[in-house]
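J.: Contents are mmCIF, C-alpha atoms and all ligand atoms; file name protein13.cif:
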```cif
data_work
#
loop_
_atom_site.label_atom_id
_atom_site.label_comp_id
_atom_site.auth_asym_id
_atom_site.auth_seq_id
_atom_site.Cartn_x
_atom_site.Cartn_y
_atom_site.Cartn_z
CA MET H 8 19.70 14.47 2.83
CA ALA H 9 19.28 15.23 -0.86
CA MET H 10 15.74 14.92 -2.15
CA ARG H 11 15.19 12.24 -4.81
CA LYS H 12 12.56 12.31 -7.50
CA ILE H 13 10.80 9.70 -9.63
CA HIS H 14 8.53 10.77 -12.45
CA LEU H 15 5.52 8.61 -13.33
CA THR H 16 3.83 8.99 -16.69
CA ALA H 17 1.19 6.57 -17.92
CA ALA H 18 -0.17 7.28 -21.36
CA HIS H 19 -4.00 7.60 -21.55
CA ALA H 20 -4.33 7.21 -17.79
CA ASP H 21 -4.17 10.84 -16.68
CA ALA H 22 -1.01 10.05 -14.73
CA ASP H 23 1.89 12.44 -14.99
CA TYR H 24 3.44 13.33 -11.69
CA ASP H 25 6.51 13.41 -9.48
CA ILE H 26 7.13 11.31 -6.41
CA LEU H 27 9.49 13.18 -4.08
CA ILE H 28 11.44 11.28 -1.43
CA GLY H 29 13.53 12.82 1.35
CA THR H 30 13.22 14.86 4.55
CA ASP H 31 11.56 18.22 5.31
CA LEU H 32 9.36 18.17 2.23
CA CYS H 33 6.19 19.81 3.65
CA ASP H 34 7.16 23.28 2.38
CA GLY H 35 7.80 21.88 -1.09
CA ALA H 36 4.36 20.24 -1.18
CA ALA H 37 2.66 23.49 -0.12
CA THR H 38 4.59 25.54 -2.71
CA PHE H 39 3.62 23.06 -5.42
CA ALA H 40 -0.08 23.45 -4.51
CA ALA H 41 0.18 27.24 -4.40
CA GLU H 42 1.95 27.57 -7.74
CA LYS H 43 -0.04 24.97 -9.66
CA TYR H 44 -3.59 25.61 -8.40
CA ARG H 45 -3.53 29.03 -6.63
CA PRO H 46 -6.24 27.89 -4.17
CA HIS H 47 -7.35 29.99 -1.20
CA ALA H 48 -7.77 26.81 0.89
CA CYS H 49 -6.72 23.15 0.96
CA THR H 50 -8.13 20.30 3.02
CA ILE H 51 -5.74 18.00 4.82
CA VAL H 52 -7.50 14.64 5.26
CA THR H 53 -5.75 12.72 8.00
CA ASP H 54 -6.59 10.17 10.69
CA SER H 55 -6.90 10.39 14.46
CA ASN H 56 -3.41 8.92 15.02
CA VAL H 57 -1.52 11.00 12.47
CA ALA H 58 -3.36 14.32 13.07
CA PRO H 59 -1.79 15.10 16.47
CA LEU H 60 1.68 14.10 15.20
CA HIS H 61 1.94 15.80 11.82
CA ALA H 62 -1.09 17.86 10.73
CA ASP H 63 0.36 21.08 12.22
CA LYS H 64 3.52 20.83 10.07
CA VAL H 65 1.55 20.55 6.86
CA ALA H 66 -0.91 23.27 7.98
CA ALA H 67 1.97 25.63 8.82
CA ALA H 68 3.58 25.00 5.43
CA LEU H 69 0.29 25.86 3.70
CA GLN H 70 -0.15 29.01 5.78
CA LYS H 71 3.35 30.16 4.82
CA VAL H 72 2.34 30.24 1.17
CA GLY H 73 -0.97 31.99 1.87
CA ILE H 74 -3.29 28.95 1.74
CA GLU H 75 -5.87 28.40 4.49
CA PRO H 76 -5.40 24.84 5.82
CA LEU H 77 -8.58 22.99 6.71
CA VAL H 78 -8.15 19.71 8.58
CA CYS H 79 -10.61 16.84 8.20
CA VAL H 80 -9.82 14.12 10.75
CA ILE H 81 -11.22 10.63 10.23
CA PRO H 82 -11.04 7.77 12.74
CA ALA H 83 -7.91 5.62 12.31
CA GLY H 84 -8.16 2.02 11.19
CA GLU H 85 -9.25 -0.23 8.34
CA GLU H 86 -12.65 -0.72 10.02
CA HIS H 87 -13.41 2.94 9.20
CA LYS H 88 -12.55 2.65 5.50
CA ASN H 89 -16.22 2.70 4.61
CA ILE H 90 -19.07 4.72 3.15
CA GLN H 91 -19.82 6.49 6.45
CA THR H 92 -16.31 7.92 6.68
CA LEU H 93 -16.33 8.81 3.00
CA GLN H 94 -19.65 10.60 3.55
CA HIS H 95 -17.98 12.56 6.38
CA ILE H 96 -15.20 13.70 4.01
CA TRP H 97 -17.72 14.62 1.28
CA ASP H 98 -19.81 16.61 3.82
CA PHE H 99 -16.69 18.40 5.08
CA LEU H 100 -15.65 19.44 1.59
CA LEU H 101 -19.08 20.51 0.42
CA GLN H 102 -19.78 22.44 3.64
CA HIS H 103 -16.58 24.37 2.92
CA ARG H 104 -17.89 25.16 -0.58
CA TRP H 105 -15.17 23.17 -2.31
CA GLU H 106 -14.01 24.33 -5.74
CA ARG H 107 -12.44 22.30 -8.56
CA ARG H 108 -9.00 23.89 -8.24
CA MET H 109 -8.72 23.26 -4.47
CA PRO H 110 -6.46 20.27 -3.71
CA ILE H 111 -6.92 17.63 -1.05
CA PHE H 112 -3.84 16.53 0.88
CA ALA H 113 -3.97 12.87 1.96
CA LEU H 114 -1.78 12.81 5.09
CA GLY H 115 -1.66 9.30 6.50
CA GLY H 116 -1.35 5.62 5.76
CA GLY H 117 -3.02 3.69 2.99
CA VAL H 118 -6.47 3.98 4.56
CA VAL H 119 -6.34 7.79 4.47
CA GLY H 120 -4.74 7.75 1.00
CA ASP H 121 -7.42 5.46 -0.47
CA MET H 122 -10.34 7.34 1.10
CA ALA H 123 -9.06 10.89 0.53
CA GLY H 124 -8.26 9.75 -3.01
CA PHE H 125 -11.79 8.43 -3.54
CA ALA H 126 -13.22 11.68 -2.17
CA ALA H 127 -10.91 13.68 -4.49
CA ALA H 128 -12.02 11.54 -7.44
CA THR H 129 -15.71 12.04 -6.79
CA VAL H 130 -16.32 15.45 -5.25
CA LEU H 131 -17.23 17.87 -8.08
CA ARG H 132 -16.27 15.01 -10.46
CA GLY H 133 -12.64 15.29 -9.45
CA VAL H 134 -10.32 17.72 -7.65
CA PRO H 135 -6.50 17.62 -7.32
CA LEU H 136 -4.95 15.17 -4.88
CA ILE H 137 -1.58 15.43 -3.17
CA GLN H 138 -0.51 12.25 -1.42
CA MET H 139 1.63 12.62 1.71
CA PRO H 140 2.10 9.02 2.87
CA THR H 141 3.05 8.59 6.53
CA SER H 142 3.26 4.79 6.64
CA LEU H 143 5.90 2.76 4.82
CA LEU H 144 3.16 0.80 3.08
CA ALA H 145 1.54 3.96 1.79
CA ALA H 146 4.90 5.40 0.68
CA VAL H 147 6.03 2.34 -1.28
CA ASP H 148 2.66 1.19 -2.53
CA ALA H 149 -0.73 2.80 -1.81
CA SER H 150 0.15 6.42 -2.68
CA VAL H 151 1.52 5.52 -6.13
CA GLY H 152 -0.62 4.21 -8.96
CA GLY H 153 -3.98 5.95 -8.61
CA LYS H 154 -6.09 3.24 -6.97
CA THR H 155 -8.58 4.72 -4.52
CA GLY H 156 -11.50 3.18 -2.71
CA ILE H 157 -13.33 1.93 0.32
CA ASP H 158 -14.26 -1.46 1.76
CA HIS H 159 -17.68 -3.13 1.71
CA ALA H 160 -19.09 -5.77 4.06
CA MET H 161 -18.53 -8.25 1.20
CA GLY H 162 -14.78 -7.55 1.10
CA LYS H 163 -11.93 -5.08 0.98
CA ASN H 164 -11.55 -2.37 -1.67
CA LEU H 165 -14.66 -3.51 -3.54
CA LEU H 166 -15.72 0.09 -4.29
CA GLY H 167 -13.41 2.60 -5.86
CA THR H 168 -11.92 4.24 -8.88
CA PHE H 169 -8.62 5.36 -10.37
CA HIS H 170 -7.57 8.91 -9.50
CA HIS H 171 -3.88 9.70 -9.65
CA ALA H 172 -2.25 12.24 -7.40
CA SER H 173 -0.69 15.30 -8.97
CA LEU H 174 2.21 14.95 -6.52
CA VAL H 175 3.36 12.33 -4.02
CA VAL H 176 5.60 13.47 -1.19
CA ALA H 177 7.26 10.75 0.89
CA ASP H 178 8.88 12.61 3.78
CA VAL H 179 10.76 10.16 6.00
CA ASN H 180 10.43 12.56 8.96
CA LEU H 181 6.68 11.90 8.88
CA ILE H 182 7.21 8.14 8.61
CA SER H 183 9.61 8.09 11.59
CA THR H 184 6.73 8.03 14.12
CA LEU H 185 5.21 4.88 12.63
CA PRO H 186 4.67 2.02 15.13
CA ARG H 187 7.12 -0.83 14.56
CA ARG H 188 4.36 -3.29 13.67
CA GLU H 189 3.25 -0.97 10.87
CA LEU H 190 6.83 -0.62 9.61
CA GLN H 191 7.03 -4.41 9.43
CA SER H 192 3.71 -4.52 7.60
CA GLY H 193 5.11 -2.14 4.95
CA LEU H 194 8.24 -4.25 4.67
CA ALA H 195 6.14 -7.13 3.39
CA GLU H 196 5.22 -5.05 0.32
CA CYS H 197 8.91 -4.18 -0.14
CA ILE H 198 9.82 -7.87 -0.07
CA LYS H 199 7.03 -8.46 -2.59
CA HIS H 200 8.42 -5.82 -4.96
CA ALA H 201 11.89 -7.36 -4.73
CA VAL H 202 10.62 -10.87 -5.48
CA ILE H 203 8.53 -9.84 -8.46
CA ALA H 204 10.95 -7.41 -10.06
CA ASP H 205 14.44 -7.02 -8.67
CA ALA H 206 16.84 -9.65 -7.31
CA ASN H 207 19.41 -6.94 -6.46
CA MET H 208 16.85 -5.14 -4.34
CA PHE H 209 16.17 -8.38 -2.47
CA ALA H 210 19.90 -8.68 -1.70
CA TRP H 211 20.02 -4.98 -0.66
CA LEU H 212 17.09 -5.60 1.71
CA GLU H 213 18.85 -8.61 3.23
CA ARG H 214 21.89 -6.40 3.96
CA HIS H 215 20.09 -3.26 5.18
CA LEU H 216 17.21 -4.70 7.19
CA PRO H 217 18.76 -3.86 10.62
CA GLN H 218 19.13 -0.15 9.73
CA ILE H 219 15.59 -0.05 8.30
CA LEU H 220 14.16 -1.62 11.47
CA HIS H 221 15.91 1.18 13.40
CA PHE H 222 14.22 3.83 11.20
CA ASP H 223 17.57 5.05 9.85
CA PRO H 224 16.44 7.96 7.61
CA ALA H 225 18.93 7.37 4.78
CA SER H 226 18.10 3.65 4.60
CA LEU H 227 14.36 4.38 4.68
CA ALA H 228 14.71 6.92 1.89
CA GLU H 229 16.71 4.47 -0.23
CA LEU H 230 14.15 1.71 0.48
CA ILE H 231 11.28 3.96 -0.60
CA PHE H 232 13.18 5.10 -3.71
CA GLN H 233 13.85 1.53 -4.84
CA ASN H 234 10.29 0.40 -4.19
CA VAL H 235 8.60 3.37 -5.83
CA SER H 236 10.84 2.78 -8.85
CA VAL H 237 9.51 -0.78 -9.14
CA LYS H 238 5.87 0.21 -8.62
CA ALA H 239 6.01 3.29 -10.90
CA ASN H 240 7.61 1.26 -13.68
CA ILE H 241 4.85 -1.37 -13.52
CA VAL H 242 2.04 1.22 -13.29
CA ALA H 243 3.47 3.14 -16.27
CA GLN H 244 3.31 -0.03 -18.37
CA ASP H 245 -0.15 -1.11 -17.23
CA PRO H 246 -2.07 1.65 -15.41
CA TYR H 247 -5.44 -0.18 -15.34
CA GLU H 248 -4.19 -3.65 -14.30
CA LYS H 249 -4.94 -5.38 -17.57
CA SER H 250 -1.67 -7.33 -17.63
CA ILE H 251 1.65 -6.90 -15.80
CA ARG H 252 0.22 -4.81 -12.93
CA ALA H 253 -1.40 -8.03 -11.70
CA HIS H 254 2.13 -9.13 -10.68
CA LEU H 255 1.79 -6.72 -7.74
CA ASN H 256 -0.83 -9.13 -6.38
CA PHE H 257 1.90 -11.66 -5.51
CA GLY H 258 0.94 -12.93 -2.04
CA HIS H 259 -2.31 -10.96 -2.13
CA THR H 260 -4.93 -13.50 -3.24
CA PHE H 261 -3.83 -15.73 -0.36
CA GLY H 262 -3.27 -12.67 1.84
CA HIS H 263 -6.69 -11.07 1.32
CA ALA H 264 -8.36 -14.40 2.08
CA LEU H 265 -6.32 -14.87 5.25
CA GLU H 266 -7.18 -11.32 6.39
CA LYS H 267 -10.85 -12.03 5.84
CA VAL H 268 -10.83 -15.37 7.67
CA VAL H 269 -8.58 -14.31 10.55
CA GLY H 270 -10.08 -10.81 10.92
CA TYR H 271 -8.75 -7.48 9.65
CA ASP H 272 -8.22 -6.26 13.22
CA LYS H 273 -6.11 -9.31 14.14
CA LEU H 274 -3.96 -9.70 11.02
CA PRO H 275 -2.40 -6.52 9.57
CA HIS H 276 -2.37 -6.36 5.78
CA GLY H 277 1.40 -6.77 5.45
CA TYR H 278 1.43 -9.77 7.79
CA ALA H 279 -1.18 -11.43 5.60
CA VAL H 280 0.86 -10.62 2.48
CA ALA H 281 3.96 -12.20 4.06
CA LEU H 282 2.01 -15.40 4.74
CA GLY H 283 0.54 -15.23 1.25
CA MET H 284 4.01 -14.97 -0.31
CA LEU H 285 5.17 -18.02 1.65
CA ALA H 286 2.13 -20.04 0.54
CA ALA H 287 2.48 -18.95 -3.11
CA THR H 288 6.19 -19.74 -3.17
CA ARG H 289 5.74 -23.21 -1.66
CA LEU H 290 2.94 -23.84 -4.14
CA SER H 291 5.08 -22.75 -7.06
CA ILE H 292 8.00 -24.92 -5.95
CA GLY H 293 5.64 -27.88 -5.45
CA LEU H 294 4.40 -27.44 -9.01
CA GLY H 295 7.98 -27.38 -10.29
CA ARG H 296 7.63 -23.76 -11.48
CA CYS H 297 10.04 -22.00 -9.10
CA GLU H 298 13.71 -22.26 -8.19
CA PRO H 299 13.70 -23.99 -4.76
CA GLN H 300 16.52 -21.78 -3.41
CA LEU H 301 14.13 -18.81 -3.33
CA LEU H 302 12.17 -20.27 -0.38
CA PRO H 303 14.89 -20.28 2.32
CA ARG H 304 15.92 -16.71 1.45
CA LEU H 305 12.29 -15.55 1.52
CA GLU H 306 11.63 -17.31 4.81
CA HIS H 307 14.77 -15.82 6.34
CA LEU H 308 13.94 -12.28 5.22
CA ILE H 309 10.32 -12.51 6.39
CA ARG H 310 11.40 -13.82 9.78
CA ALA H 311 14.18 -11.21 10.11
CA ALA H 312 11.64 -8.47 9.33
CA GLY H 313 9.59 -9.68 12.31
CA LEU H 314 6.76 -10.83 10.08
CA PRO H 315 4.82 -14.01 10.92
CA MET H 316 5.60 -17.41 9.42
CA THR H 317 2.23 -18.93 10.39
CA VAL H 318 -1.21 -17.95 11.64
CA GLU H 319 -2.31 -21.18 13.18
CA GLY H 320 -5.66 -22.78 13.73
CA TYR H 321 -7.61 -21.81 10.62
CA ASP H 322 -9.20 -24.21 8.14
CA PRO H 323 -7.39 -24.04 4.77
CA ARG H 324 -10.72 -24.74 3.03
CA ALA H 325 -12.24 -21.62 4.57
CA VAL H 326 -9.26 -19.63 3.27
CA LEU H 327 -9.68 -21.18 -0.21
CA SER H 328 -13.33 -20.24 -0.24
CA ALA H 329 -12.44 -16.65 0.74
CA MET H 330 -9.94 -16.63 -2.14
CA TYR H 331 -12.82 -17.19 -4.55
CA SER H 332 -14.65 -14.13 -3.23
CA ASP H 333 -11.61 -11.88 -3.78
CA LYS H 334 -12.38 -9.40 -6.55
CA LYS H 335 -9.20 -10.35 -8.37
CA VAL H 336 -10.59 -13.80 -9.17
CA ALA H 337 -11.36 -13.65 -12.89
CA SER H 338 -14.46 -15.60 -14.00
CA ALA H 339 -14.56 -17.89 -10.96
CA LYS H 340 -11.05 -19.19 -11.71
CA LEU H 341 -8.26 -18.72 -9.22
CA ARG H 342 -5.62 -16.55 -10.84
CA LEU H 343 -2.45 -16.79 -8.82
CA ILE H 344 0.83 -14.92 -9.10
CA LEU H 345 3.57 -17.50 -8.65
CA PRO H 346 7.29 -16.80 -8.36
CA VAL H 347 9.65 -18.34 -10.90
CA LYS H 348 12.90 -17.05 -9.39
CA LEU H 349 14.01 -13.89 -7.62
CA GLY H 350 12.89 -10.99 -9.80
CA GLN H 351 10.40 -12.97 -11.88
CA VAL H 352 6.80 -14.11 -11.41
CA THR H 353 4.17 -15.67 -13.62
CA ILE H 354 0.36 -15.70 -13.70
CA ALA H 355 -1.27 -19.14 -13.30
CA SER H 356 -4.94 -20.06 -13.62
CA ASP H 357 -4.49 -23.82 -13.93
CA VAL H 358 -3.47 -24.77 -10.38
CA PRO H 359 -5.30 -27.76 -8.85
CA GLU H 360 -7.34 -26.83 -5.77
CA ALA H 361 -5.74 -29.63 -3.74
CA SER H 362 -2.30 -28.04 -4.24
CA VAL H 363 -3.64 -24.64 -3.21
CA ILE H 364 -5.12 -26.13 -0.03
CA ASP H 365 -1.80 -27.83 0.78
CA ALA H 366 0.01 -24.53 0.32
CA ILE H 367 -2.45 -22.69 2.58
CA ALA H 368 -2.03 -25.44 5.20
CA THR H 369 1.71 -24.64 5.45
CA VAL H 370 0.82 -21.27 6.98
CA THR H 371 -2.38 -22.16 8.87
CA THR H 372 -1.86 -25.62 10.32
CA VAL H 373 -0.75 -26.01 13.93
CA GLY H 374 2.84 -27.19 13.91
CA ALA H 375 3.23 -26.57 10.16
CA VAL H 376 6.83 -26.73 9.00
CA SER H 377 7.66 -23.11 8.36
CA ALA H 378 11.36 -23.15 7.70
N1 LIG D 401 -4.29 2.17 -3.39
C1 LIG D 401 -3.42 1.20 -3.45
O1 LIG D 401 -2.81 0.94 -4.50
C2 LIG D 401 -3.14 0.40 -2.22
C3 LIG D 401 -2.04 -0.46 -2.19
C4 LIG D 401 -1.77 -1.15 -1.01
C5 LIG D 401 -2.59 -1.00 0.09
N2 LIG D 401 -3.66 -0.16 0.01
C6 LIG D 401 -4.53 0.03 1.18
O2 LIG D 401 -3.76 0.62 2.21
C7 LIG D 401 -4.31 0.27 3.48
C8 LIG D 401 -3.20 -0.16 4.38
O3 LIG D 401 -2.33 0.92 4.55
P1 LIG D 401 -1.52 1.12 5.91
O4 LIG D 401 -0.83 -0.12 6.26
O5 LIG D 401 -0.76 2.38 5.79
O6 LIG D 401 -2.72 1.25 6.97
P2 LIG D 401 -3.30 2.48 7.81
O7 LIG D 401 -3.56 3.64 6.97
O8 LIG D 401 -4.41 1.93 8.61
O9 LIG D 401 -2.09 2.84 8.78
C9 LIG D 401 -1.68 1.90 9.73
C10 LIG D 401 -1.72 2.49 11.14
O10 LIG D 401 -0.60 3.35 11.30
C11 LIG D 401 -1.02 4.63 11.73
N3 LIG D 401 -0.06 5.57 11.18
C12 LIG D 401 0.15 5.85 9.87
N4 LIG D 401 1.20 6.67 9.76
C13 LIG D 401 1.66 6.92 10.99
C14 LIG D 401 2.74 7.67 11.52
N5 LIG D 401 3.61 8.32 10.73
N6 LIG D 401 2.91 7.72 12.86
C15 LIG D 401 2.06 7.02 13.68
N7 LIG D 401 1.05 6.27 13.25
C16 LIG D 401 0.85 6.22 11.92
C17 LIG D 401 -2.44 4.76 11.25
O11 LIG D 401 -3.16 5.70 12.00
C18 LIG D 401 -2.95 3.34 11.43
O12 LIG D 401 -3.32 3.14 12.77
C19 LIG D 401 -5.33 -0.82 3.20
O13 LIG D 401 -6.62 -0.27 3.30
C20 LIG D 401 -5.05 -1.25 1.77
O14 LIG D 401 -6.19 -1.71 1.11
C21 LIG D 401 -3.94 0.53 -1.10
#
```
Show the structure stored in the file as structure tokens.
Ligand SMILES: NC(=O)c1ccc[n+]([C@@H]2O[C@H](COP(=O)([O-])OP(=O)(O)OC[C@H]3O[C@@H](n4cnc5c(N)ncnc54)[C@H](O)[C@@H]3O)[C@@H](O)[C@H]2O)c1

T.:
Amino acid sequence: MAMRKIHLTAAHADADYDILIGTDLCDGAATFAAEKYRPHACTIVTDSNVAPLHADKVAAALQKVGIEPLVCVIPAGEEHKNIQTLQHIWDFLLQHRWERRMPIFALGGGVVGDMAGFAAATVLRGVPLIQMPTSLLAAVDASVGGKTGIDHAMGKNLLGTFHHASLVVADVNLISTLPRRELQSGLAECIKHAVIADANMFAWLERHLPQILHFDPASLAELIFQNVSVKANIVAQDPYEKSIRAHLNFGHTFGHALEKVVGYDKLPHGYAVALGMLAATRLSIGLGRCEPQLLPRLEHLIRAAGLPMTVEGYDPRAVLSAMYSDKKVASAKLRLILPVKLGQVTIASDVPEASVIDAIATVTTVGAVSA
């Protein structure tokens, strides 16, 4: 399979890097590190699920170009995206006498990417970061755009900073071992990208979903290419989320609140985003701001991807209250991303609470009409 490349440049944001998509890309990532930084060692930060599957390949590639690979394994799971795990990464790096020119490889899903990225941003006031996403979500979303961080008891991703990678390598061989549930979770972000930016991509997804669900490498590579194109284009226009980058939060204000109320261990991020997109779309149609024909196509695609249509038995008012504690709520006003039609969304901060509650109820009420 031919490798594909997207270049991301964001003026004044210290972002100027390639995103490589294809198969067998570990050697290329190691060569990049060797030629650009000439380090004697690199640390591969990875998690306890990904380490036994893929760390050896990356370590071998580094050894081939004369770099000593150090492997820092963190426990897998969102519940470990916290200050204790970050402290472990900091200790590991400092105990190995880290130097400014020594890159960190983030080999894993979005949790590894966000935490290794935060460590890279902070140790010695910043060292190079190479993102090697192994989940679909990390490949199409978390590894691109420079957001890094950890969770706090008060909520997800409340602590962090921007630190762009100097290279992102999405190798579909690494992604092929992803559990199906995690593939589906990543698909929710792909559906989100299509709704906010690209009607043709939505139609492509409708046609190619069966191959994607079977981990067909060419379809996965094309999916990642299309999605990174959308995300990179938005990040390049608005690297610090002052305007259009907020569109990427479609489904997320509802989704984050649902995750918080239902429990992060019970509701994967992408599942929550799928429910959030359904609620936001129904809300937008109810307010007369969205073409009604979007809803049946969205519902069909979400269902076909194996994503949930409801998470029943939760009080919509509890979800609304969690929406207010999301960090993306500007000055105590709910700021929602609402679809207008396929490929177009708008930002709304004038939506009546009663309408928001009704929209939440369509995904949380027992027996809610979901299609
Ligand atoms: N920085 C950003 O812009 C951004 C954007 C979106 C999401 N995120 C963050 O990303 C995280 C979610 O990412 P995620 O869904 O990748 O979660 P994750 O990192 O927890 O990965 C999901 C699960 O899949 C496992 N896994 C990953 N790759 C695997 C592989 N190839 N084979 C087998 N198992 C594998 C992991 O060990 C984990 O158990 C959240 O913390 C979210 O806040 C960040």

J.: Kindly assemble as a Markdown table a list of the chain H residues that lie within 6 Å of ligand LIG 401 (chain D), each paired with its nearest atom pair and their distance in Å to one decimal, using only C-alpha atoms and all ligand atoms, sorted first by chain and then by ascending residue number.

T.:
```
| residue | atom | partner | partner_atom | distance |
| --- | --- | --- | --- | --- |
| H:Asp54 | CA | D:LIG401 | O11 | 5.8 |
| H:Asn56 | CA | D:LIG401 | O11 | 4.4 |
| H:Val57 | CA | D:LIG401 | C16 | 5.4 |
| H:Ala83 | CA | D:LIG401 | O11 | 4.8 |
| H:Gly84 | CA | D:LIG401 | O8 | 4.6 |
| H:Glu85 | CA | D:LIG401 | O8 | 5.3 |
| H:Gly115 | CA | D:LIG401 | N4 | 5.1 |
| H:Gly116 | CA | D:LIG401 | O7 | 3.2 |
| H:Gly117 | CA | D:LIG401 | O2 | 3.3 |
| H:Val118 | CA | D:LIG401 | O7 | 3.8 |
| H:Val119 | CA | D:LIG401 | O7 | 5.6 |
| H:Asp121 | CA | D:LIG401 | N1 | 5.4 |
| H:Thr141 | CA | D:LIG401 | N4 | 4.2 |
| H:Ser142 | CA | D:LIG401 | N4 | 4.2 |
| H:Leu144 | CA | D:LIG401 | O5 | 5.0 |
| H:Ala145 | CA | D:LIG401 | O5 | 4.9 |
| H:Asp148 | CA | D:LIG401 | C3 | 5.0 |
| H:Ala149 | CA | D:LIG401 | C2 | 3.4 |
| H:Gly152 | CA | D:LIG401 | O1 | 5.9 |
| H:Lys154 | CA | D:LIG401 | N1 | 4.1 |
| H:Thr155 | CA | D:LIG401 | N1 | 5.1 |
| H:Leu181 | CA | D:LIG401 | N5 | 5.1 |
| H:Ile182 | CA | D:LIG401 | N5 | 4.2 |
| H:Thr184 | CA | D:LIG401 | N6 | 4.0 |
| H:Leu185 | CA | D:LIG401 | N6 | 3.7 |
| H:Pro186 | CA | D:LIG401 | C15 | 5.8 |
| H:Glu189 | CA | D:LIG401 | O10 | 5.8 |
```

J.: Write the selection just made, keeping C-alpha atoms, as a PDB file, in the coordinates of the input?

T.:
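Output file out36.pdb follows:
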```
ATOM      1  CA  ASP H  54      -6.590  10.170  10.690  1.00  0.00           C
ATOM      2  CA  ASN H  56      -3.410   8.920  15.020  1.00  0.00           C
ATOM      3  CA  VAL H  57      -1.520  11.000  12.470  1.00  0.00           C
ATOM      4  CA  ALA H  83      -7.910   5.620  12.310  1.00  0.00           C
ATOM      5  CA  GLY H  84      -8.160   2.020  11.190  1.00  0.00           C
ATOM      6  CA  GLU H  85      -9.250  -0.230   8.340  1.00  0.00           C
ATOM      7  CA  GLY H 115      -1.660   9.300   6.500  1.00  0.00           C
ATOM      8  CA  GLY H 116      -1.350   5.620   5.760  1.00  0.00           C
ATOM      9  CA  GLY H 117      -3.020   3.690   2.990  1.00  0.00           C
ATOM     10  CA  VAL H 118      -6.470   3.980   4.560  1.00  0.00           C
ATOM     11  CA  VAL H 119      -6.340   7.790   4.470  1.00  0.00           C
ATOM     12  CA  ASP H 121      -7.420   5.460  -0.470  1.00  0.00           C
ATOM     13  CA  THR H 141       3.050   8.590   6.530  1.00  0.00           C
ATOM     14  CA  SER H 142       3.260   4.790   6.640  1.00  0.00           C
ATOM     15  CA  LEU H 144       3.160   0.800   3.080  1.00  0.00           C
ATOM     16  CA  ALA H 145       1.540   3.960   1.790  1.00  0.00           C
ATOM     17  CA  ASP H 148       2.660   1.190  -2.530  1.00  0.00           C
ATOM     18  CA  ALA H 149      -0.730   2.800  -1.810  1.00  0.00           C
ATOM     19  CA  GLY H 152      -0.620   4.210  -8.960  1.00  0.00           C
ATOM     20  CA  LYS H 154      -6.090   3.240  -6.970  1.00  0.00           C
ATOM     21  CA  THR H 155      -8.580   4.720  -4.520  1.00  0.00           C
ATOM     22  CA  LEU H 181       6.680  11.900   8.880  1.00  0.00           C
ATOM     23  CA  ILE H 182       7.210   8.140   8.610  1.00  0.00           C
ATOM     24  CA  THR H 184       6.730   8.030  14.120  1.00  0.00           C
ATOM     25  CA  LEU H 185       5.210   4.880  12.630  1.00  0.00           C
ATOM     26  CA  PRO H 186       4.670   2.020  15.130  1.00  0.00           C
ATOM     27  CA  GLU H 189       3.250  -0.970  10.870  1.00  0.00           C
TER      28      GLU H 189
END
```

J.: Find the residues near stretch 170-173 of chain H: any atom within 8 Å, counting all atoms listed in the file, skip ones fewer than 6 places away on the same chain, and give them as a PDB file with C-alpha atoms, in the coordinates of the input.

T.:
```pdb
ATOM      1  CA  ASP H  21      -4.170  10.840 -16.680  1.00  0.00           C
ATOM      2  CA  ALA H  22      -1.010  10.050 -14.730  1.00  0.00           C
ATOM      3  CA  ASP H  23       1.890  12.440 -14.990  1.00  0.00           C
ATOM      4  CA  TYR H  24       3.440  13.330 -11.690  1.00  0.00           C
ATOM      5  CA  ASP H  25       6.510  13.410  -9.480  1.00  0.00           C
ATOM      6  CA  GLY H 124      -8.260   9.750  -3.010  1.00  0.00           C
ATOM      7  CA  PHE H 125     -11.790   8.430  -3.540  1.00  0.00           C
ATOM      8  CA  ALA H 127     -10.910  13.680  -4.490  1.00  0.00           C
ATOM      9  CA  ALA H 128     -12.020  11.540  -7.440  1.00  0.00           C
ATOM     10  CA  PRO H 135      -6.500  17.620  -7.320  1.00  0.00           C
ATOM     11  CA  LEU H 136      -4.950  15.170  -4.880  1.00  0.00           C
ATOM     12  CA  ILE H 137      -1.580  15.430  -3.170  1.00  0.00           C
ATOM     13  CA  GLN H 138      -0.510  12.250  -1.420  1.00  0.00           C
ATOM     14  CA  SER H 150       0.150   6.420  -2.680  1.00  0.00           C
ATOM     15  CA  VAL H 151       1.520   5.520  -6.130  1.00  0.00           C
ATOM     16  CA  GLY H 152      -0.620   4.210  -8.960  1.00  0.00           C
ATOM     17  CA  GLY H 153      -3.980   5.950  -8.610  1.00  0.00           C
ATOM     18  CA  LYS H 154      -6.090   3.240  -6.970  1.00  0.00           C
ATOM     19  CA  THR H 155      -8.580   4.720  -4.520  1.00  0.00           C
TER      20      THR H 155
END
```

J.: Enter the distance from atom CA of H:Asn180 to atom CA of H:Lys163, in Å, rounded to one decimal.

T.: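 Separating atom CA of H:Asn180 from atom CA of H:Lys163 is a distance of 29.6 Å.
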
J.: For a quick check of understanding, using all atoms listed in the file, which of H:Asn164, H:Ala204, H:Met284, H:Val179 has the smallest distance to H:Pro224?

T.: H:Val179

J.: So, with all atoms listed in the file as the atoms that count, which of H:Ile203, H:Leu294, H:Val134, H:Ile344 lies closest to H:Pro359?

T.: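 Ranking H:Ile203, H:Leu294, H:Val134, H:Ile344 by distance to H:Pro359, first place goes to H:Leu294.
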
J.: Which one of H:Ser250, H:Lys340, H:Ala37, H:Ala281 sits closest to H:Glu196 if you count only C-alpha atoms?

T.: H:Ala281
